[in-house]
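Shown below: target.json, with JSON, C-alpha atoms and all ligand atoms.
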```json
[["chain", "number", "residue", "atom", "x", "y", "z"],
["A", 190, "MET", "CA", 1.85, -77.08, 37.84],
["A", 191, "GLN", "CA", -0.69, -78.80, 40.03],
["A", 192, "THR", "CA", -2.94, -81.69, 38.92],
["A", 193, "ILE", "CA", -6.22, -81.99, 40.79],
["A", 194, "THR", "CA", -8.74, -84.81, 40.46],
["A", 195, "SER", "CA", -11.18, -84.03, 43.29],
["A", 196, "VAL", "CA", -14.00, -81.51, 42.98],
["A", 197, "THR", "CA", -13.67, -80.23, 46.57],
["A", 198, "GLU", "CA", -9.90, -79.82, 46.23],
["A", 199, "MET", "CA", -10.42, -77.88, 42.97],
["A", 200, "GLN", "CA", -13.02, -75.65, 44.65],
["A", 201, "THR", "CA", -10.62, -74.88, 47.51],
["A", 202, "ARG", "CA", -7.71, -74.17, 45.15],
["A", 203, "ALA", "CA", -9.88, -71.87, 42.99],
["A", 204, "GLU", "CA", -11.15, -70.06, 46.09],
["A", 205, "ASN", "CA", -7.55, -69.49, 47.24],
["A", 206, "LEU", "CA", -6.56, -68.16, 43.80],
["A", 207, "ARG", "CA", -9.48, -65.71, 43.88],
["A", 208, "GLY", "CA", -8.49, -64.76, 47.43],
["A", 209, "GLU", "CA", -5.02, -63.86, 46.11],
["A", 210, "GLY", "CA", -6.72, -61.59, 43.59],
["A", 211, "ARG", "CA", -5.93, -63.86, 40.64],
["A", 212, "ARG", "CA", -7.97, -63.63, 37.46],
["A", 213, "VAL", "CA", -8.56, -67.28, 36.61],
["A", 214, "ALA", "CA", -8.89, -68.25, 32.93],
["A", 215, "LEU", "CA", -10.39, -71.68, 32.24],
["A", 216, "VAL", "CA", -9.84, -73.81, 29.12],
["A", 217, "PRO", "CA", -12.24, -76.78, 29.13],
["A", 218, "THR", "CA", -11.03, -79.75, 27.04],
["A", 219, "MET", "CA", -11.53, -83.47, 26.58],
["A", 220, "GLY", "CA", -7.75, -84.02, 26.45],
["A", 221, "ALA", "CA", -5.68, -85.60, 23.65],
["A", 222, "LEU", "CA", -4.32, -82.09, 23.41],
["A", 223, "HIS", "CA", -3.12, -80.70, 20.08],
["A", 224, "ASP", "CA", -1.88, -77.30, 18.92],
["A", 225, "GLY", "CA", -5.49, -76.02, 18.69],
["A", 226, "HIS", "CA", -5.89, -76.58, 22.44],
["A", 227, "LEU", "CA", -2.48, -74.96, 23.04],
["A", 228, "SER", "CA", -3.59, -71.85, 21.13],
["A", 229, "LEU", "CA", -6.59, -71.63, 23.49],
["A", 230, "ILE", "CA", -4.22, -71.91, 26.46],
["A", 231, "ARG", "CA", -2.09, -69.04, 25.06],
["A", 232, "LEU", "CA", -5.18, -66.87, 24.62],
["A", 233, "ALA", "CA", -6.30, -67.75, 28.17],
["A", 234, "ALA", "CA", -2.90, -66.62, 29.49],
["A", 235, "GLU", "CA", -3.41, -63.26, 27.76],
["A", 236, "ARG", "CA", -6.92, -62.81, 29.14],
["A", 237, "GLY", "CA", -6.24, -64.01, 32.69],
["A", 238, "ASP", "CA", -3.24, -64.42, 34.95],
["A", 239, "THR", "CA", -3.76, -68.01, 36.10],
["A", 240, "VAL", "CA", -4.69, -70.68, 33.56],
["A", 241, "VAL", "CA", -6.69, -73.71, 34.62],
["A", 242, "VAL", "CA", -7.17, -76.47, 32.00],
["A", 243, "SER", "CA", -9.84, -79.09, 32.59],
["A", 244, "ILE", "CA", -9.38, -82.49, 30.97],
["A", 245, "PHE", "CA", -12.52, -84.57, 31.11],
["A", 246, "VAL", "CA", -14.03, -86.86, 28.48],
["A", 247, "ASN", "CA", -17.61, -86.02, 29.37],
["A", 248, "PRO", "CA", -19.83, -89.12, 29.03],
["A", 249, "ALA", "CA", -22.99, -86.96, 29.13],
["A", 250, "GLN", "CA", -22.27, -85.38, 25.74],
["A", 251, "PHE", "CA", -21.86, -88.65, 23.81],
["A", 252, "GLY", "CA", -24.85, -90.45, 22.35],
["A", 253, "PRO", "CA", -25.29, -94.21, 22.92],
["A", 254, "ASN", "CA", -23.79, -95.09, 19.52],
["A", 255, "GLU", "CA", -21.03, -92.48, 19.54],
["A", 256, "ASP", "CA", -17.30, -92.79, 20.11],
["A", 257, "PHE", "CA", -17.06, -92.31, 23.92],
["A", 258, "ALA", "CA", -15.25, -95.62, 24.46],
["A", 259, "HIS", "CA", -12.87, -94.94, 21.55],
["A", 260, "TYR", "CA", -12.22, -91.27, 22.29],
["A", 261, "PRO", "CA", -8.41, -90.86, 22.66],
["A", 262, "ARG", "CA", -7.17, -90.62, 26.26],
["A", 263, "GLU", "CA", -3.53, -89.73, 26.99],
["A", 264, "LEU", "CA", -3.35, -87.89, 30.29],
["A", 265, "ASP", "CA", 0.44, -88.20, 30.81],
["A", 266, "ALA", "CA", 1.26, -86.58, 27.46],
["A", 267, "ASP", "CA", -1.43, -83.93, 28.08],
["A", 268, "LEU", "CA", 0.06, -83.02, 31.48],
["A", 269, "LYS", "CA", 3.50, -82.54, 29.89],
["A", 270, "LYS", "CA", 2.02, -80.26, 27.23],
["A", 271, "CYS", "CA", 0.17, -78.23, 29.86],
["A", 272, "GLU", "CA", 3.28, -77.91, 32.01],
["A", 273, "ALA", "CA", 5.31, -76.71, 29.00],
["A", 274, "ALA", "CA", 2.55, -74.22, 28.12],
["A", 275, "GLY", "CA", 2.70, -72.60, 31.57],
["A", 276, "VAL", "CA", -0.63, -73.90, 32.86],
["A", 277, "SER", "CA", -1.05, -73.45, 36.65],
["A", 278, "VAL", "CA", -3.64, -76.12, 37.39],
["A", 279, "VAL", "CA", -4.97, -79.12, 35.47],
["A", 280, "PHE", "CA", -8.34, -80.34, 36.70],
["A", 281, "ALA", "CA", -8.77, -83.96, 35.57],
["A", 282, "PRO", "CA", -11.65, -85.53, 37.48],
["A", 283, "SER", "CA", -13.01, -89.06, 36.97],
["A", 284, "SER", "CA", -16.55, -89.66, 35.66],
["A", 285, "GLU", "CA", -17.57, -90.82, 39.17],
["A", 286, "GLU", "CA", -16.28, -87.56, 40.64],
["A", 287, "MET", "CA", -18.33, -85.43, 38.22],
["A", 288, "TYR", "CA", -21.39, -87.70, 38.03],
["A", 289, "PRO", "CA", -21.56, -89.68, 41.29],
["A", 290, "LYS", "CA", -24.06, -92.53, 41.57],
["A", 291, "GLY", "CA", -27.58, -91.11, 41.54],
["A", 292, "TYR", "CA", -26.60, -87.91, 39.67],
["A", 293, "SER", "CA", -29.76, -86.51, 38.02],
["A", 294, "THR", "CA", -29.49, -82.79, 37.14],
["A", 295, "TYR", "CA", -29.04, -81.59, 33.55],
["A", 296, "LEU", "CA", -29.34, -78.21, 31.81],
["A", 297, "ALA", "CA", -30.93, -77.46, 28.46],
["A", 298, "GLU", "CA", -30.63, -74.47, 26.12],
["A", 299, "GLU", "CA", -33.64, -74.66, 23.85],
["A", 300, "ALA", "CA", -32.97, -72.45, 20.82],
["A", 301, "VAL", "CA", -29.34, -72.19, 19.68],
["A", 302, "ALA", "CA", -28.81, -75.87, 20.51],
["A", 303, "ARG", "CA", -31.73, -77.11, 18.38],
["A", 304, "PRO", "CA", -30.51, -77.09, 14.71],
["A", 305, "LEU", "CA", -27.39, -78.62, 13.09],
["A", 306, "GLU", "CA", -25.51, -80.69, 15.72],
["A", 307, "GLY", "CA", -28.70, -80.69, 17.80],
["A", 308, "VAL", "CA", -30.51, -82.61, 15.06],
["A", 309, "SER", "CA", -27.95, -85.38, 14.57],
["A", 310, "ARG", "CA", -26.76, -85.50, 18.20],
["A", 311, "PRO", "CA", -29.96, -84.82, 20.22],
["A", 312, "ALA", "CA", -28.54, -85.00, 23.78],
["A", 313, "HIS", "CA", -25.12, -83.57, 22.90],
["A", 314, "PHE", "CA", -25.53, -79.96, 24.02],
["A", 315, "ARG", "CA", -27.46, -81.00, 27.13],
["A", 316, "GLY", "CA", -24.29, -82.85, 28.13],
["A", 317, "VAL", "CA", -21.97, -80.04, 27.04],
["A", 318, "ILE", "CA", -23.68, -77.21, 28.89],
["A", 319, "THR", "CA", -24.25, -79.35, 31.97],
["A", 320, "VAL", "CA", -20.55, -80.12, 32.27],
["A", 321, "VAL", "CA", -19.50, -76.55, 31.40],
["A", 322, "ALA", "CA", -21.89, -75.13, 34.02],
["A", 323, "LYS", "CA", -20.49, -77.60, 36.56],
["A", 324, "LEU", "CA", -16.92, -76.56, 35.70],
["A", 325, "PHE", "CA", -17.89, -72.89, 36.00],
["A", 326, "ASN", "CA", -19.41, -73.57, 39.44],
["A", 327, "ILE", "CA", -16.42, -75.56, 40.65],
["A", 328, "ILE", "CA", -13.73, -73.18, 39.34],
["A", 329, "ARG", "CA", -15.67, -69.88, 39.05],
["A", 330, "PRO", "CA", -13.31, -68.51, 36.38],
["A", 331, "ALA", "CA", -13.33, -64.84, 35.37],
["A", 332, "VAL", "CA", -12.89, -65.90, 31.75],
["A", 333, "ALA", "CA", -13.31, -69.13, 29.79],
["A", 334, "VAL", "CA", -11.91, -69.81, 26.32],
["A", 335, "PHE", "CA", -13.60, -71.93, 23.62],
["A", 336, "GLY", "CA", -12.67, -72.63, 20.00],
["A", 337, "GLN", "CA", -14.50, -71.31, 16.95],
["A", 338, "LYS", "CA", -13.92, -74.82, 15.51],
["A", 339, "ASP", "CA", -17.02, -75.85, 17.50],
["A", 340, "ALA", "CA", -19.03, -72.80, 16.45],
["A", 341, "GLN", "CA", -22.41, -73.99, 17.69],
["A", 342, "GLN", "CA", -20.91, -75.08, 21.01],
["A", 343, "VAL", "CA", -19.49, -71.63, 21.74],
["A", 344, "ALA", "CA", -22.77, -69.99, 20.65],
["A", 345, "VAL", "CA", -24.76, -72.24, 23.00],
["A", 346, "ILE", "CA", -22.36, -71.58, 25.89],
["A", 347, "LYS", "CA", -22.53, -67.81, 25.34],
["A", 348, "LYS", "CA", -26.34, -68.01, 25.36],
["A", 349, "MET", "CA", -26.34, -70.11, 28.54],
["A", 350, "ALA", "CA", -23.95, -67.69, 30.28],
["A", 351, "ARG", "CA", -26.16, -64.75, 29.32],
["A", 352, "ASP", "CA", -29.47, -66.47, 30.18],
["A", 353, "LEU", "CA", -28.21, -67.67, 33.57],
["A", 354, "HIS", "CA", -26.35, -64.41, 34.44],
["A", 355, "LEU", "CA", -23.12, -66.35, 34.91],
["A", 356, "PRO", "CA", -20.31, -63.97, 35.94],
["A", 357, "VAL", "CA", -17.85, -65.28, 33.35],
["A", 358, "GLU", "CA", -16.53, -63.76, 30.14],
["A", 359, "ILE", "CA", -16.67, -66.19, 27.20],
["A", 360, "VAL", "CA", -13.80, -65.73, 24.73],
["A", 361, "THR", "CA", -13.72, -67.36, 21.29],
["A", 362, "ALA", "CA", -10.38, -68.47, 19.81],
["A", 363, "PRO", "CA", -9.86, -68.84, 16.04],
["A", 364, "THR", "CA", -9.67, -72.30, 14.45],
["A", 365, "LEU", "CA", -6.16, -73.67, 14.13],
["A", 366, "ARG", "CA", -5.50, -75.66, 10.95],
["A", 367, "ASP", "CA", -2.76, -77.93, 9.66],
["A", 368, "ALA", "CA", -0.72, -76.58, 6.74],
["A", 369, "ASP", "CA", -3.00, -78.48, 4.32],
["A", 370, "GLY", "CA", -6.09, -76.74, 5.74],
["A", 371, "LEU", "CA", -7.53, -79.56, 7.88],
["A", 372, "ALA", "CA", -8.85, -78.15, 11.16],
["A", 373, "LEU", "CA", -6.98, -79.74, 14.06],
["A", 374, "SER", "CA", -9.14, -82.21, 15.98],
["A", 375, "SER", "CA", -8.49, -85.04, 18.41],
["A", 376, "ARG", "CA", -10.54, -87.21, 16.03],
["A", 377, "ASN", "CA", -8.13, -86.63, 13.10],
["A", 378, "ARG", "CA", -5.83, -89.33, 14.48],
["A", 379, "HIS", "CA", -8.48, -91.89, 13.51],
["A", 380, "LEU", "CA", -8.08, -90.93, 9.82],
["A", 381, "THR", "CA", -6.02, -93.06, 7.44],
["A", 382, "PRO", "CA", -3.92, -91.09, 4.91],
["A", 383, "ALA", "CA", -6.59, -91.72, 2.22],
["A", 384, "GLN", "CA", -9.41, -90.61, 4.52],
["A", 385, "ARG", "CA", -7.41, -87.56, 5.53],
["A", 386, "GLN", "CA", -7.07, -86.64, 1.86],
["A", 387, "ASP", "CA", -10.87, -86.76, 1.49],
["A", 388, "ALA", "CA", -11.33, -84.86, 4.78],
["A", 389, "LEU", "CA", -9.51, -81.93, 3.20],
["A", 390, "SER", "CA", -12.63, -81.34, 1.11],
["A", 391, "LEU", "CA", -14.26, -79.67, 4.15],
["A", 392, "SER", "CA", -11.71, -76.85, 4.32],
["A", 393, "GLN", "CA", -11.61, -76.71, 0.49],
["A", 394, "ALA", "CA", -15.37, -76.16, 0.41],
["A", 395, "LEU", "CA", -15.09, -73.42, 3.04],
["A", 396, "ARG", "CA", -12.31, -71.65, 1.13],
["A", 397, "ARG", "CA", -14.26, -71.88, -2.11],
["A", 398, "ALA", "CA", -17.32, -70.30, -0.48],
["A", 399, "GLN", "CA", -15.17, -67.52, 0.97],
["A", 400, "ALA", "CA", -13.72, -66.84, -2.48],
["A", 401, "MET", "CA", -17.21, -66.72, -4.00],
["A", 402, "VAL", "CA", -18.36, -64.24, -1.35],
["A", 403, "ALA", "CA", -15.23, -62.14, -2.00],
["A", 404, "GLN", "CA", -16.28, -62.08, -5.66],
["A", 405, "GLY", "CA", -19.72, -60.77, -4.70],
["A", 406, "GLU", "CA", -21.83, -63.94, -4.44],
["A", 407, "HIS", "CA", -24.31, -63.50, -1.58],
["A", 408, "ARG", "CA", -27.01, -66.02, -2.54],
["A", 409, "THR", "CA", -27.03, -68.74, 0.09],
["A", 410, "ASP", "CA", -28.36, -71.47, -2.22],
["A", 411, "ARG", "CA", -25.44, -70.93, -4.62],
["A", 412, "LEU", "CA", -22.87, -71.07, -1.84],
["A", 413, "VAL", "CA", -24.36, -74.17, -0.20],
["A", 414, "ALA", "CA", -24.70, -75.91, -3.58],
["A", 415, "GLU", "CA", -21.05, -75.27, -4.40],
["A", 416, "ALA", "CA", -19.83, -76.43, -0.98],
["A", 417, "THR", "CA", -21.94, -79.61, -1.21],
["A", 418, "HIS", "CA", -20.65, -80.22, -4.74],
["A", 419, "ILE", "CA", -17.03, -80.09, -3.56],
["A", 420, "LEU", "CA", -17.72, -82.48, -0.66],
["A", 421, "SER", "CA", -19.66, -84.93, -2.82],
["A", 422, "GLN", "CA", -16.73, -85.38, -5.21],
["A", 423, "HIS", "CA", -14.91, -87.38, -2.56],
["A", 424, "ARG", "CA", -15.75, -91.06, -2.34],
["A", 425, "ARG", "CA", -15.48, -91.45, 1.45],
["A", 426, "VAL", "CA", -17.36, -88.27, 2.34],
["A", 427, "ARG", "CA", -21.08, -88.26, 3.32],
["A", 428, "VAL", "CA", -22.52, -84.83, 4.00],
["A", 429, "ILE", "CA", -24.56, -84.51, 7.21],
["A", 430, "TYR", "CA", -25.28, -80.80, 6.77],
["A", 431, "ALA", "CA", -24.00, -77.77, 4.91],
["A", 432, "ALA", "CA", -25.72, -74.54, 5.90],
["A", 433, "LEU", "CA", -25.37, -70.79, 6.15],
["A", 434, "VAL", "CA", -26.38, -69.63, 9.62],
["A", 435, "ASP", "CA", -26.16, -66.63, 11.90],
["A", 436, "ARG", "CA", -23.09, -67.02, 14.13],
["A", 437, "GLU", "CA", -25.01, -66.21, 17.33],
["A", 438, "THR", "CA", -28.43, -67.80, 16.85],
["A", 439, "MET", "CA", -27.45, -70.65, 14.47],
["A", 440, "GLU", "CA", -30.62, -69.88, 12.51],
["A", 441, "ALA", "CA", -30.49, -70.28, 8.73],
["A", 442, "VAL", "CA", -29.99, -67.00, 6.85],
["A", 443, "ARG", "CA", -31.20, -66.00, 3.38],
["A", 444, "GLU", "CA", -28.34, -63.63, 2.58],
["A", 445, "VAL", "CA", -24.71, -63.53, 3.65],
["A", 446, "ARG", "CA", -23.97, -60.78, 6.16],
["A", 447, "ALA", "CA", -20.22, -60.17, 6.37],
["A", 448, "GLY", "CA", -18.76, -61.17, 9.74],
["A", 449, "ARG", "CA", -22.08, -62.56, 11.01],
["A", 450, "THR", "CA", -22.77, -65.45, 8.66],
["A", 451, "LEU", "CA", -21.12, -68.83, 9.11],
["A", 452, "LEU", "CA", -20.85, -71.66, 6.64],
["A", 453, "VAL", "CA", -21.10, -74.75, 8.85],
["A", 454, "LEU", "CA", -20.28, -78.23, 7.60],
["A", 455, "ALA", "CA", -20.59, -81.70, 9.11],
["A", 456, "ALA", "CA", -19.65, -84.86, 7.27],
["A", 457, "TRP", "CA", -18.78, -88.48, 7.79],
["A", 458, "VAL", "CA", -15.43, -89.47, 6.34],
["A", 459, "ASP", "CA", -16.12, -93.21, 6.43],
["A", 460, "GLU", "CA", -16.64, -93.77, 10.19],
["A", 461, "VAL", "CA", -15.14, -90.47, 11.42],
["A", 462, "ARG", "CA", -17.53, -87.60, 12.00],
["A", 463, "LEU", "CA", -15.94, -84.21, 11.27],
["A", 464, "ILE", "CA", -17.23, -80.65, 11.58],
["A", 465, "ASP", "CA", -15.76, -77.39, 10.33],
["A", 466, "ASN", "CA", -16.91, -73.82, 9.68],
["A", 467, "GLU", "CA", -15.76, -70.43, 8.51],
["A", 468, "ILE", "CA", -17.10, -66.94, 8.98],
["A", 469, "LEU", "CA", -17.94, -65.53, 5.58],
["A", 501, "LIG", "P1", -12.28, -80.73, 22.76],
["A", 501, "LIG", "O1", -11.13, -81.25, 23.54],
["A", 501, "LIG", "O2", -12.40, -81.29, 21.39],
["A", 501, "LIG", "O3", -13.57, -80.75, 23.53],
["A", 501, "LIG", "O4", -11.97, -79.20, 22.52],
["A", 501, "LIG", "C1", -11.68, -78.34, 23.60],
["A", 501, "LIG", "C2", -11.68, -76.93, 23.10],
["A", 501, "LIG", "O5", -10.71, -76.78, 22.07],
["A", 501, "LIG", "C3", -13.03, -76.52, 22.49],
["A", 501, "LIG", "O6", -13.33, -75.19, 22.90],
["A", 501, "LIG", "C4", -12.76, -76.60, 21.02],
["A", 501, "LIG", "O7", -13.57, -75.73, 20.25],
["A", 501, "LIG", "C5", -11.31, -76.19, 20.95],
["A", 501, "LIG", "N1", -10.67, -76.65, 19.71],
["A", 501, "LIG", "C6", -10.68, -77.91, 19.20],
["A", 501, "LIG", "N2", -10.03, -77.96, 18.03],
["A", 501, "LIG", "C7", -9.61, -76.69, 17.76],
["A", 501, "LIG", "C8", -8.91, -76.06, 16.69],
["A", 501, "LIG", "N3", -8.48, -76.76, 15.64],
["A", 501, "LIG", "N4", -8.65, -74.74, 16.77],
["A", 501, "LIG", "C9", -9.08, -74.02, 17.85],
["A", 501, "LIG", "N5", -9.75, -74.54, 18.89],
["A", 501, "LIG", "C10", -10.02, -75.85, 18.85]]
```

If you took the structure in this file and wrote it as structure tokens, what would it be?
Amino acid sequence: MQTITSVTEMQTRAENLRGEGRRVALVPTMGALHDGHLSLIRLAAERGDTVVVSIFVNPAQFGPNEDFAHYPRELDADLKKCEAAGVSVVFAPSSEEMYPKGYSTYLAEEAVARPLEGVSRPAHFRGVITVVAKLFNIIRPAVAVFGQKDAQQVAVIKKMARDLHLPVEIVTAPTLRDADGLALSSRNRHLTPAQRQDALSLSQALRRAQAMVAQGEHRTDRLVAEATHILSQHRRVRVIYAALVDRETMEAVREVRAGRTLLVLAAWVDEVRLIDNEIL
């Protein structure tokens, strides 16, 4: 496994891989890798023949009062996990390498990125799609893998790729959960055992809504009310949003359409901001 920190070196390496006829599969991450990331790496290995993992805590996607400074960073452990998972190249640039002094170009997607996360984190997706577009330009992967855990993120990236005619296939990987149902996230390590117990209400609310749909409930107000009720029974939980949306457009829907409608949740568990979702 090779670790690369320079943009030009990564461009040269990627060009050589393409020259050898390799189908490069990219997994963009912010590091602090967990089993969810490793499941993306496994899917990337199935869809391509050379896996490149990027590890970059992207300052552009954090708001001024968000957790950029506190975001977990553990590159040595991440490199070991990547090596064990059969990754060919880890691209781990510094902030200065990606955003040199005087950097001033940003991308915006103006529909899918607007609601939900776009409301509470206004510059978030501008940062996400800028860095993803930069990674696509540097590495020029044939395929890139993203997690359904960040449902709006993958929808925005798919829209950007389509709108900009980017020659990359976007693959979505299912959400990996702990045995108790909590969706794996690098932010979970900030939870105390008591907070973690309350955080389980997100996956409980999602499961309850799925059960209601299985029993024939298709009225969105009933489903949202029940999910919100479950979340609000936990002392440390503050709901940011609970909504039924179309999985591609992120627009609110009136009726559940099987396989297309997502229940998306965001909540504060004390000071930790968590998101989760399920396809209904
Ligand atoms: P992050 O490092 O949090 O930016 O995540 C990198 C990628 O891993 C994103 O595409 C996420 O959607 C994905 N991811 C994060 N957590 C999970 C999970 N529990 N299951 C599947 N994919 C995940």

Closest contacts (chain A/ligand LIG 501 (chain A), max 7 Å, only C-alpha atoms and all ligand atoms) as JSON lines:
```
{"residue": "A:Pro217", "atom": "CA", "partner": "A:LIG501", "partner_atom": "C1", "distance": 5.8}
{"residue": "A:Thr218", "atom": "CA", "partner": "A:LIG501", "partner_atom": "C1", "distance": 3.8}
{"residue": "A:Met219", "atom": "CA", "partner": "A:LIG501", "partner_atom": "O1", "distance": 3.8}
{"residue": "A:Gly220", "atom": "CA", "partner": "A:LIG501", "partner_atom": "O1", "distance": 5.3}
{"residue": "A:Ala221", "atom": "CA", "partner": "A:LIG501", "partner_atom": "O1", "distance": 7.0}
{"residue": "A:Leu222", "atom": "CA", "partner": "A:LIG501", "partner_atom": "O1", "distance": 6.9}
{"residue": "A:Gly225", "atom": "CA", "partner": "A:LIG501", "partner_atom": "N4", "distance": 3.9}
{"residue": "A:His226", "atom": "CA", "partner": "A:LIG501", "partner_atom": "O5", "distance": 4.8}
{"residue": "A:Ser228", "atom": "CA", "partner": "A:LIG501", "partner_atom": "C9", "distance": 6.8}
{"residue": "A:Leu229", "atom": "CA", "partner": "A:LIG501", "partner_atom": "N5", "distance": 6.3}
{"residue": "A:Val334", "atom": "CA", "partner": "A:LIG501", "partner_atom": "O6", "distance": 6.5}
{"residue": "A:Phe335", "atom": "CA", "partner": "A:LIG501", "partner_atom": "O6", "distance": 3.3}
{"residue": "A:Gly336", "atom": "CA", "partner": "A:LIG501", "partner_atom": "O7", "distance": 3.2}
{"residue": "A:Gln337", "atom": "CA", "partner": "A:LIG501", "partner_atom": "O7", "distance": 5.6}
{"residue": "A:Lys338", "atom": "CA", "partner": "A:LIG501", "partner_atom": "O7", "distance": 4.8}
{"residue": "A:Asp339", "atom": "CA", "partner": "A:LIG501", "partner_atom": "O7", "distance": 4.4}
{"residue": "A:Ala362", "atom": "CA", "partner": "A:LIG501", "partner_atom": "C9", "distance": 6.0}
{"residue": "A:Pro363", "atom": "CA", "partner": "A:LIG501", "partner_atom": "C9", "distance": 5.5}
{"residue": "A:Thr364", "atom": "CA", "partner": "A:LIG501", "partner_atom": "N4", "distance": 3.5}
{"residue": "A:Leu365", "atom": "CA", "partner": "A:LIG501", "partner_atom": "N4", "distance": 3.8}
{"residue": "A:Arg366", "atom": "CA", "partner": "A:LIG501", "partner_atom": "N3", "distance": 5.7}
{"residue": "A:Ala372", "atom": "CA", "partner": "A:LIG501", "partner_atom": "N3", "distance": 4.7}
{"residue": "A:Leu373", "atom": "CA", "partner": "A:LIG501", "partner_atom": "N3", "distance": 3.7}
{"residue": "A:Ser374", "atom": "CA", "partner": "A:LIG501", "partner_atom": "N2", "distance": 4.8}
{"residue": "A:Ser375", "atom": "CA", "partner": "A:LIG501", "partner_atom": "O2", "distance": 6.2}
```

Please, which residues in segment 311-339 of chain A fall within 9 Å of segment 203-213 of chain A when counting only C-alpha atoms, and what is the closest atom pair and distance in Å to one decimal for each, ordered by chain then residue number, as a tab-separated table?
```
residue	atom	partner	partner_atom	distance
A:Ile327	CA	A:Ala203	CA	7.9
A:Ile328	CA	A:Ala203	CA	5.5
A:Arg329	CA	A:Ala203	CA	7.3
A:Pro330	CA	A:Val213	CA	4.9
A:Ala331	CA	A:Val213	CA	5.5
A:Val332	CA	A:Val213	CA	6.7
A:Ala333	CA	A:Val213	CA	8.5
```

For this session: May I ask which of the residues A:Glu255, A:Asp238, A:Asp267, A:Asp410 is the closest one to Arg462 of chain A, counting all atoms listed in the file?
Result: A:Glu255

Problem set entry | Which residue of A:Ala233, A:Arg303, A:Leu215, A:Leu463 approaches Gln384 of chain A most closely, using only C-alpha atoms |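 Of A:Ala233, A:Arg303, A:Leu215, A:Leu463, the one nearest Gln384 of chain A is A:Leu463, counting only C-alpha atoms.
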
For this session: Please measure the separation of atom CA of Glu299 of chain A and atom CA of Glu437 of chain A, giving the value in Å to one decimal.
Result: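 Those two atoms sit 13.7 Å apart.
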
Exercise. Of the candidates A:Thr417, A:Ser283, A:Gln341, A:Gln250, which shows the shortest atom-to-atom distance to Tyr430 of chain A, using all atoms listed in the file?
Worked result: A:Thr417

Problem set entry | Residues near Ala431 of chain A, cut-off 12 Å, all atoms listed in the file, skip fewer than 3 positions along chain, as JSON, numbers by chain | {"A": [304, 305, 306, 391, 394, 395, 398, 409, 410, 411, 412, 413, 414, 415, 416, 417, 418, 419, 420, 421, 427, 428, 434, 441, 451, 452, 453, 454, 455, 456, 464, 465, 466, 467]}

For this session: To one decimal in Å, tell me the separation between atom CA of Leu469 of chain A and atom CA of Val360 of chain A.
Result: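 Here the two named atoms are 19.6 Å from each other.
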
For this session: Go ahead and compute the interatomic distance for atom CA of Phe314 of chain A and atom CA of Phe251 of chain A, in Å to one decimal.
Result: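 Atom-to-atom, atom CA of Phe314 of chain A to atom CA of Phe251 of chain A, that is 9.4 Å.
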
Exercise. When distances are computed from all atoms listed in the file, which of A:Thr201, A:Ser277, A:Asn247, A:Gln386 shows the smallest separation from Arg315 of chain A?
Worked result: A:Asn247

For this session: Can you work out which one of A:Asp459, A:Glu272, A:Glu406, A:Glu444 has the shortest atom-to-atom distance to Val242 of chain A, counting all atoms listed in the file?
Result: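 Selected residue with least distance to Val242 of chain A: A:Glu272.
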
Seminar exercise, completed: Min atom-atom distance to Arg231 of chain A from the set A:Val276, A:Ile468, A:Val196, A:Met349, counting all atoms listed in the file, belongs to A:Val276

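The point (-4.0, -86.9, 6.3) has these residues within 12 Å of it when only C-alpha atoms are used: Asp367, Ala368, Asp369, Gly370, Leu371, Ala372, Leu373, Ser374, Arg376, Asn377, Arg378, His379, Leu380, Thr381, Pro382, Ala383, Gln384, Arg385, Gln386, Asp387, Ala388, Leu389, Ser390 and Val458 of chain A.
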
Let me see the file: selected residues, C-alpha atoms, as a short mmCIF file (atom, residue, chain, number, x, y, z; two decimals), keeping the file's coordinate frame.
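This went into result.cif:
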```
data_model
loop_
_atom_site.label_atom_id
_atom_site.label_comp_id
_atom_site.auth_asym_id
_atom_site.auth_seq_id
_atom_site.Cartn_x
_atom_site.Cartn_y
_atom_site.Cartn_z
CA ASP A 367 -2.76 -77.93 9.66
CA ALA A 368 -0.72 -76.58 6.74
CA ASP A 369 -3.00 -78.48 4.32
CA GLY A 370 -6.09 -76.74 5.74
CA LEU A 371 -7.53 -79.56 7.88
CA ALA A 372 -8.85 -78.15 11.16
CA LEU A 373 -6.98 -79.74 14.06
CA SER A 374 -9.14 -82.21 15.98
CA ARG A 376 -10.54 -87.21 16.03
CA ASN A 377 -8.13 -86.63 13.10
CA ARG A 378 -5.83 -89.33 14.48
CA HIS A 379 -8.48 -91.89 13.51
CA LEU A 380 -8.08 -90.93 9.82
CA THR A 381 -6.02 -93.06 7.44
CA PRO A 382 -3.92 -91.09 4.91
CA ALA A 383 -6.59 -91.72 2.22
CA GLN A 384 -9.41 -90.61 4.52
CA ARG A 385 -7.41 -87.56 5.53
CA GLN A 386 -7.07 -86.64 1.86
CA ASP A 387 -10.87 -86.76 1.49
CA ALA A 388 -11.33 -84.86 4.78
CA LEU A 389 -9.51 -81.93 3.20
CA SER A 390 -12.63 -81.34 1.11
CA VAL A 458 -15.43 -89.47 6.34
#
```
